[in-house]
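Q: So I've got this file, input-v3.txt, and it contains compact mmCIF, C-alpha atoms:
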```txt
# COMPACT_ATOMS: atom_id res chain seq x y z
CA MET A 280 -27.76 -33.00 31.79
CA PHE A 281 -25.78 -31.19 29.11
CA GLU A 282 -24.33 -33.43 26.40
CA PHE A 283 -21.38 -32.29 24.32
CA THR A 284 -21.98 -33.30 20.70
CA ILE A 285 -20.17 -32.88 17.39
CA LYS A 286 -22.42 -29.89 16.64
CA ASP A 287 -21.16 -28.16 19.76
CA ALA A 288 -17.56 -28.79 18.71
CA ILE A 289 -18.25 -27.32 15.25
CA ASP A 290 -19.96 -24.34 16.86
CA ILE A 291 -16.92 -23.66 19.08
CA VAL A 292 -14.51 -23.99 16.14
CA ILE A 293 -16.53 -21.55 14.00
CA VAL A 294 -16.67 -18.97 16.79
CA ALA A 295 -12.94 -19.40 17.49
CA VAL A 296 -12.05 -18.89 13.82
CA LEU A 297 -14.23 -15.79 13.55
CA LEU A 298 -12.72 -14.33 16.74
CA TYR A 299 -9.22 -15.03 15.43
CA TYR A 300 -9.91 -13.18 12.16
CA VAL A 301 -11.47 -10.25 14.03
CA PHE A 302 -8.52 -10.18 16.47
CA ARG A 303 -5.98 -10.19 13.60
CA LEU A 304 -7.87 -7.46 11.75
CA MET A 305 -8.12 -5.23 14.82
CA LYS A 306 -4.44 -5.80 15.62
CA GLU A 307 -3.36 -4.78 12.11
CA SER A 308 -5.57 -1.69 12.20
CA GLY A 309 -4.22 -0.58 15.59
CA THR A 310 -7.60 -0.90 17.39
CA LEU A 311 -6.83 -3.95 19.53
CA SER A 312 -7.87 -2.21 22.76
CA ILE A 313 -11.40 -1.84 21.39
CA PHE A 314 -11.47 -5.58 20.65
CA TYR A 315 -10.51 -6.35 24.27
CA GLY A 316 -13.16 -3.93 25.54
CA ALA A 317 -15.86 -5.47 23.36
CA MET A 318 -14.90 -8.99 24.47
CA MET A 319 -15.07 -7.97 28.14
CA PHE A 320 -18.51 -6.46 27.61
CA ILE A 321 -19.75 -9.64 25.87
CA ILE A 322 -18.41 -11.82 28.71
CA ILE A 323 -20.15 -9.67 31.34
CA TRP A 324 -23.36 -9.78 29.29
CA LEU A 325 -23.25 -13.61 29.00
CA VAL A 326 -22.47 -14.08 32.69
CA ALA A 327 -25.28 -11.75 33.79
CA SER A 328 -27.90 -13.11 31.36
CA GLU A 329 -27.09 -16.81 31.07
CA ILE A 330 -25.35 -17.83 34.31
CA PHE A 331 -26.78 -15.59 37.04
CA GLN A 332 -29.96 -14.77 35.02
CA LEU A 333 -30.12 -11.19 36.25
CA ARG A 334 -33.23 -10.09 34.36
CA LEU A 335 -33.06 -6.33 34.92
CA PHE A 336 -29.31 -5.98 34.45
CA GLY A 337 -29.42 -8.46 31.57
CA SER A 338 -32.17 -6.52 29.78
CA ILE A 339 -30.17 -3.29 30.12
CA LEU A 340 -27.12 -5.00 28.66
CA ASP A 341 -29.30 -6.41 25.84
CA LYS A 342 -30.21 -2.84 24.84
CA PHE A 343 -26.55 -1.81 24.92
CA MET A 344 -25.64 -4.84 22.79
CA SER A 345 -28.08 -3.94 20.02
CA ILE A 346 -27.01 -0.28 20.00
CA GLY A 347 -23.32 -1.17 20.41
CA LEU A 348 -23.30 -3.48 17.41
CA LEU A 349 -24.74 -0.71 15.24
CA ILE A 350 -22.11 1.74 16.50
CA LEU A 351 -19.30 -0.76 15.86
CA VAL A 352 -20.52 -1.34 12.31
CA ILE A 353 -20.47 2.42 11.65
CA LEU A 354 -17.05 2.96 13.25
CA PHE A 355 -15.36 -0.05 11.65
CA GLN A 356 -17.03 -0.18 8.25
CA ASP A 357 -13.63 -0.15 6.50
CA GLN A 358 -12.33 -3.06 8.61
CA ILE A 359 -15.57 -5.01 8.04
CA LYS A 360 -15.28 -4.39 4.31
CA ARG A 361 -11.70 -5.63 4.41
CA PHE A 362 -12.73 -8.75 6.36
CA LEU A 363 -15.47 -9.62 3.87
CA THR A 364 -13.14 -8.95 0.94
CA GLU A 365 -10.51 -11.28 2.40
CA MET A 366 -13.13 -13.98 2.94
CA GLY A 367 -14.13 -13.79 -0.70
CA SER A 368 -10.68 -13.23 -2.15
CA ARG A 369 -8.73 -15.59 -4.35
CA ARG A 370 -6.41 -16.57 -1.48
CA ARG A 371 -8.12 -19.95 -1.07
CA PHE A 372 -7.09 -20.79 -4.62
CA GLY A 373 -3.50 -19.62 -4.17
CA LEU A 374 -2.11 -23.05 -3.26
CA LEU A 375 -3.67 -24.69 -6.32
CA ARG A 376 -2.28 -21.97 -8.55
CA LYS A 377 1.19 -22.39 -7.07
CA LEU A 378 1.08 -26.15 -7.66
CA LEU A 379 0.05 -25.69 -11.27
CA ARG A 380 2.61 -22.95 -11.98
CA HIS A 381 6.22 -23.86 -12.67
CA ARG A 382 8.60 -22.59 -9.98
CA ASP A 383 11.07 -20.96 -12.41
CA GLU A 384 8.24 -19.18 -14.21
CA GLU A 385 6.91 -17.90 -10.89
CA ALA A 386 10.33 -16.58 -9.81
CA PHE A 387 10.85 -14.88 -13.17
CA ASP A 388 7.48 -13.14 -13.04
CA VAL A 389 8.10 -11.86 -9.53
CA ARG A 390 11.61 -10.58 -10.23
CA ARG A 391 10.40 -8.80 -13.37
CA ILE A 392 8.21 -6.65 -11.12
CA VAL A 393 10.31 -6.54 -7.94
CA MET A 394 13.70 -5.58 -9.35
CA PRO A 395 12.61 -2.37 -11.16
CA VAL A 396 11.00 -1.22 -7.88
CA VAL A 397 14.15 -2.08 -5.90
CA TYR A 398 16.47 -0.30 -8.38
CA ALA A 399 14.23 2.79 -8.41
CA CYS A 400 14.07 2.92 -4.60
CA MET A 401 17.84 2.65 -4.25
CA SER A 402 18.41 5.36 -6.86
CA MET A 403 15.89 7.69 -5.21
CA SER A 404 17.43 6.94 -1.82
CA LYS A 405 20.83 8.15 -3.01
CA SER A 406 19.37 11.36 -4.41
CA LYS A 407 17.00 11.78 -1.43
CA THR A 408 13.96 11.84 -3.65
CA GLY A 409 10.77 11.26 -1.65
CA ALA A 410 8.58 8.42 -2.88
CA LEU A 411 5.61 6.30 -1.80
CA ILE A 412 4.93 3.07 -3.71
CA VAL A 413 1.99 0.79 -2.83
CA VAL A 414 1.87 -2.81 -4.07
CA GLN A 415 -1.61 -4.30 -4.03
CA GLY A 416 -2.32 -7.53 -2.18
CA HIS A 417 -5.60 -9.46 -2.29
CA ILE A 418 -7.75 -6.45 -1.43
CA PRO A 419 -8.43 -4.24 -4.48
CA LEU A 420 -7.21 -0.63 -4.32
CA GLU A 421 -9.48 0.88 -6.99
CA SER A 422 -10.98 3.41 -4.58
CA TYR A 423 -7.50 4.76 -3.80
CA ALA A 424 -6.33 4.57 -7.42
CA ASN A 425 -9.32 6.69 -8.44
CA THR A 426 -8.02 9.58 -6.31
CA GLY A 427 -4.97 9.93 -8.58
CA ASP A 428 -4.15 9.83 -12.29
CA HIS A 429 -4.52 6.52 -14.11
CA ILE A 430 -1.38 5.33 -15.89
CA ASP A 431 -1.62 1.60 -16.76
CA ALA A 432 2.03 1.01 -17.65
CA GLU A 433 4.59 -1.74 -17.15
CA VAL A 434 6.66 -1.57 -13.97
CA ASN A 435 9.76 0.30 -15.12
CA THR A 436 12.61 1.81 -13.10
CA ARG A 437 12.91 5.04 -15.12
CA LEU A 438 9.16 5.58 -15.13
CA ILE A 439 9.04 5.27 -11.35
CA GLU A 440 11.92 7.74 -10.94
CA ASN A 441 10.34 10.21 -13.37
CA ILE A 442 7.00 10.10 -11.55
CA PHE A 443 8.66 10.94 -8.21
CA PHE A 444 11.04 13.54 -9.66
CA LYS A 445 10.72 16.69 -7.55
CA ASN A 446 9.30 18.79 -10.38
CA SER A 447 6.78 16.14 -11.42
CA PRO A 448 3.12 17.02 -10.71
CA LEU A 449 2.57 13.50 -9.33
CA HIS A 450 5.52 13.26 -6.95
CA ASP A 451 3.58 14.19 -3.79
CA GLY A 452 1.05 11.36 -4.07
CA ALA A 453 1.34 7.58 -3.94
CA MET A 454 1.98 5.21 -6.84
CA ILE A 455 -0.14 2.05 -6.91
CA ILE A 456 1.05 -1.19 -8.50
CA ALA A 457 -1.53 -3.92 -9.09
CA GLY A 458 -0.59 -7.22 -10.67
CA ASN A 459 2.29 -6.45 -13.01
CA ARG A 460 1.20 -2.91 -13.90
CA ILE A 461 1.54 0.60 -12.53
CA VAL A 462 -2.14 1.52 -12.43
CA ALA A 463 -2.07 5.04 -10.97
CA ALA A 464 0.07 7.78 -9.43
CA GLY A 465 -0.55 10.89 -7.36
CA CYS A 466 -3.02 8.93 -5.23
CA ILE A 467 -4.32 9.92 -1.80
CA LEU A 468 -4.06 7.33 0.98
CA PRO A 469 -5.58 7.12 4.47
CA VAL A 470 -3.34 8.64 7.13
CA SER A 471 -2.50 6.65 10.26
CA HIS A 472 -2.87 8.41 13.59
CA ASP A 473 -0.71 5.88 15.43
CA THR A 474 0.94 7.82 18.27
CA SER A 475 3.84 5.35 18.47
CA LEU A 476 5.31 6.59 15.20
CA PRO A 477 8.47 8.70 15.65
CA ARG A 478 8.12 12.41 14.94
CA SER A 479 10.78 12.08 12.27
CA MET A 480 8.29 10.14 10.15
CA GLY A 481 6.18 12.52 8.11
CA LEU A 482 3.05 12.33 6.01
CA ARG A 483 4.44 9.74 3.58
CA HIS A 484 5.21 7.31 6.39
CA ARG A 485 1.83 7.88 8.04
CA SER A 486 0.09 7.33 4.72
CA ALA A 487 2.09 4.14 4.16
CA LEU A 488 1.11 2.84 7.58
CA GLY A 489 -2.48 3.95 6.99
CA ILE A 490 -2.85 1.87 3.82
CA ALA A 491 -1.08 -1.07 5.52
CA GLN A 492 -3.61 -0.91 8.35
CA ALA A 493 -6.63 -0.51 6.08
CA THR A 494 -5.64 -3.19 3.52
CA ASP A 495 -3.17 -6.04 2.97
CA ALA A 496 -1.07 -3.95 0.58
CA MET A 497 2.66 -3.29 1.06
CA ALA A 498 3.83 0.33 1.02
CA ILE A 499 7.44 1.37 0.35
CA VAL A 500 8.59 4.82 1.47
CA VAL A 501 11.74 6.70 0.49
CA SER A 502 12.41 9.54 2.90
CA GLU A 503 13.06 12.92 1.31
CA GLU A 504 15.00 14.11 4.38
CA THR A 505 17.27 11.14 5.08
CA GLY A 506 17.00 8.87 2.05
CA ASN A 507 16.12 5.95 4.34
CA ILE A 508 13.75 3.33 2.94
CA SER A 509 10.86 1.98 5.00
CA ILE A 510 8.22 -0.66 4.39
CA ALA A 511 4.74 -0.72 5.92
CA TYR A 512 2.96 -4.07 5.84
CA ARG A 513 0.26 -5.74 7.93
CA GLY A 514 -0.11 -2.73 10.21
CA LYS A 515 3.60 -2.37 11.00
CA ILE A 516 6.36 -0.17 9.59
CA THR A 517 10.06 -1.08 9.41
CA SER A 518 12.77 1.48 8.59
CA ARG A 519 16.38 1.60 7.38
CA LEU A 520 16.04 -1.28 4.94
CA SER A 521 18.67 -2.39 2.44
CA SER A 522 18.09 -3.38 -1.17
CA THR A 523 18.24 -7.05 -0.13
CA ASP A 524 15.59 -6.46 2.54
CA ILE A 525 13.27 -4.74 0.06
CA GLU A 526 13.73 -7.43 -2.57
CA GLN A 527 13.10 -10.24 -0.08
CA ARG A 528 10.03 -8.69 1.57
CA LEU A 529 8.44 -7.65 -1.70
CA SER A 530 9.12 -11.02 -3.33
CA ASP A 531 7.68 -12.92 -0.37
CA MET A 532 4.58 -10.73 -0.37
CA MET A 533 3.96 -11.19 -4.09
CA ILE A 534 4.54 -14.96 -4.01
CA GLU A 535 2.21 -15.20 -1.01
CA ASN A 536 -0.45 -13.40 -3.01
CA GLY A 537 -0.10 -15.88 -5.88
CA ARG A 538 1.65 -13.63 -8.38
```
Represent the structure of the file as structure tokens.
A:
Amino acid sequence: MFEFTIKDAIDIVIVAVLLYYVFRLMKESGTLSIFYGAMMFIIIWLVASEIFQLRLFGSILDKFMSIGLLILVILFQDQIKRFLTEMGSRRRFGLLRKLLRHRDEEAFDVRRIVMPVVYACMSMSKSKTGALIVVQGHIPLESYANTGDHIDAEVNTRLIENIFFKNSPLHDGAMIIAGNRIVAAGCILPVSHDTSLPRSMGLRHRSALGIAQATDAMAIVVSEETGNISIAYRGKITSRLSSTDIEQRLSDMMIENGR
């Protein structure tokens, strides 16, 4: 007779945690339907092989499982890379760092980076200057920064506005901020093919959503047509934001990441 032991409980918890992380990753990348399909296939495979012990059907499904896993690894190599990066990121040490850091010092550091970005976005919104600013989270953005021109400068309102000035050679690409520095500008980002995006949202918005789906970065977009400001984060994009909204969301994101 089957006995439920502590090892079985640990086994269930580990599988549940892994499934949760995979579910969250697929949801943020807009591929949740594939996750549901894969789970249904695994359930059918387990029922046929383990419960009903259908040898022929089970062996066919075994072949599909081995080939399917290889196909999934090829199709979702970026998501797998992101998952492994998150597992090995410094997030697990974030709480200890927050306890050791003085609250006032933390708030000052965040505002020193956030406010220049907010002021620049509001100024560019008034003048309808298109802009795309990406703030790095836990996942490094070196591969995207390498597609543009390296800058390595302090976060400064005038510098941001000058980079996105219409006659600037870097205004069409994305600016990447990592830590407390502007590391690159004129960068190329992955483009989201999410069909739910309104047609009024152009390439900048799709690129913002693309980087938000591929990584844990936050992307801020200033529309060149309307001057509206949008933020893409964790696979979702929100439009028509005020300066208070931008400041709050960006501050929360940076504090969460242990800045």
Q: Tell me, as a ChimeraX atom specification, which residues lie within 8 Å of region 397-413 of chain A, counting all atoms listed in the file; anything in the same chain fewer than 5 positions away does not count.
A: /A:436-437,439-440,443-445,450-456,483,487,496-508,522,525-526
Q: Rounded to one decimal, what separation in Å do you get between CA of Arg519 (chain A) and CA of Leu476 (chain A)?
A: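 Interatomic distance here is 14.4 Å.
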Q: The centre and edge lengths of an axis-aligned box containing all atoms of region 287-305 of chain A present in the file, extended by 6 Å on each side, are to be given in Å to one decimal, as lines of an AutoDock Vina configuration file.
A:
```
center_x = -13.6
center_y = -17.0
center_z = 15.8
size_x = 27.2
size_y = 35.6
size_z = 20.0
```
Q: Need the shell around Leu482 (chain A): protein/DNA/RNA residues with any atom at most 8 Å away, counting all atoms listed in the file. Skip same-chain ones fewer than 3 positions apart. Format as an NGL selection string?
A: :A and (470 or 485-486)
Q: Store the residues picked out above in a file with C-alpha atoms, as a PDB file, in the coordinates of the input.
A:
```
ATOM      1  CA  VAL A 470      -3.340   8.640   7.130  1.00  0.00           C
ATOM      2  CA  ARG A 485       1.830   7.880   8.040  1.00  0.00           C
ATOM      3  CA  SER A 486       0.090   7.330   4.720  1.00  0.00           C
TER       4      SER A 486
END
```
Q: From the list A:Ile461, A:Val294, A:Ile350, A:Met319, which residue is nearest Asp431 (chain A) when using only C-alpha atoms?
A: A:Ile461
Q: If I take CA of Ala295 (chain A) and CA of Val326 (chain A), how far is one from the other in Å, to one decimal?
A: 18.7 Å
Q: Just give me the gap between CA of Met533 (chain A) and CA of Val389 (chain A) in Å, one decimal is fine.
A: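 According to the coordinates, CA of Met533 (chain A) and CA of Val389 (chain A) are separated by 6.9 Å.
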Q: Closest to Ala464 (chain A) among A:Met480, A:Ile313, A:Ile534, A:Leu438, using all atoms listed in the file?
A: A:Leu438
Q: Using all atoms listed in the file, can you tell me which of A:Ile285, A:Leu349, A:Leu449, A:Val414 comes closest to Asp428 (chain A)?
A: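 Distance minimum relative to Asp428 (chain A) lands on A:Leu449.
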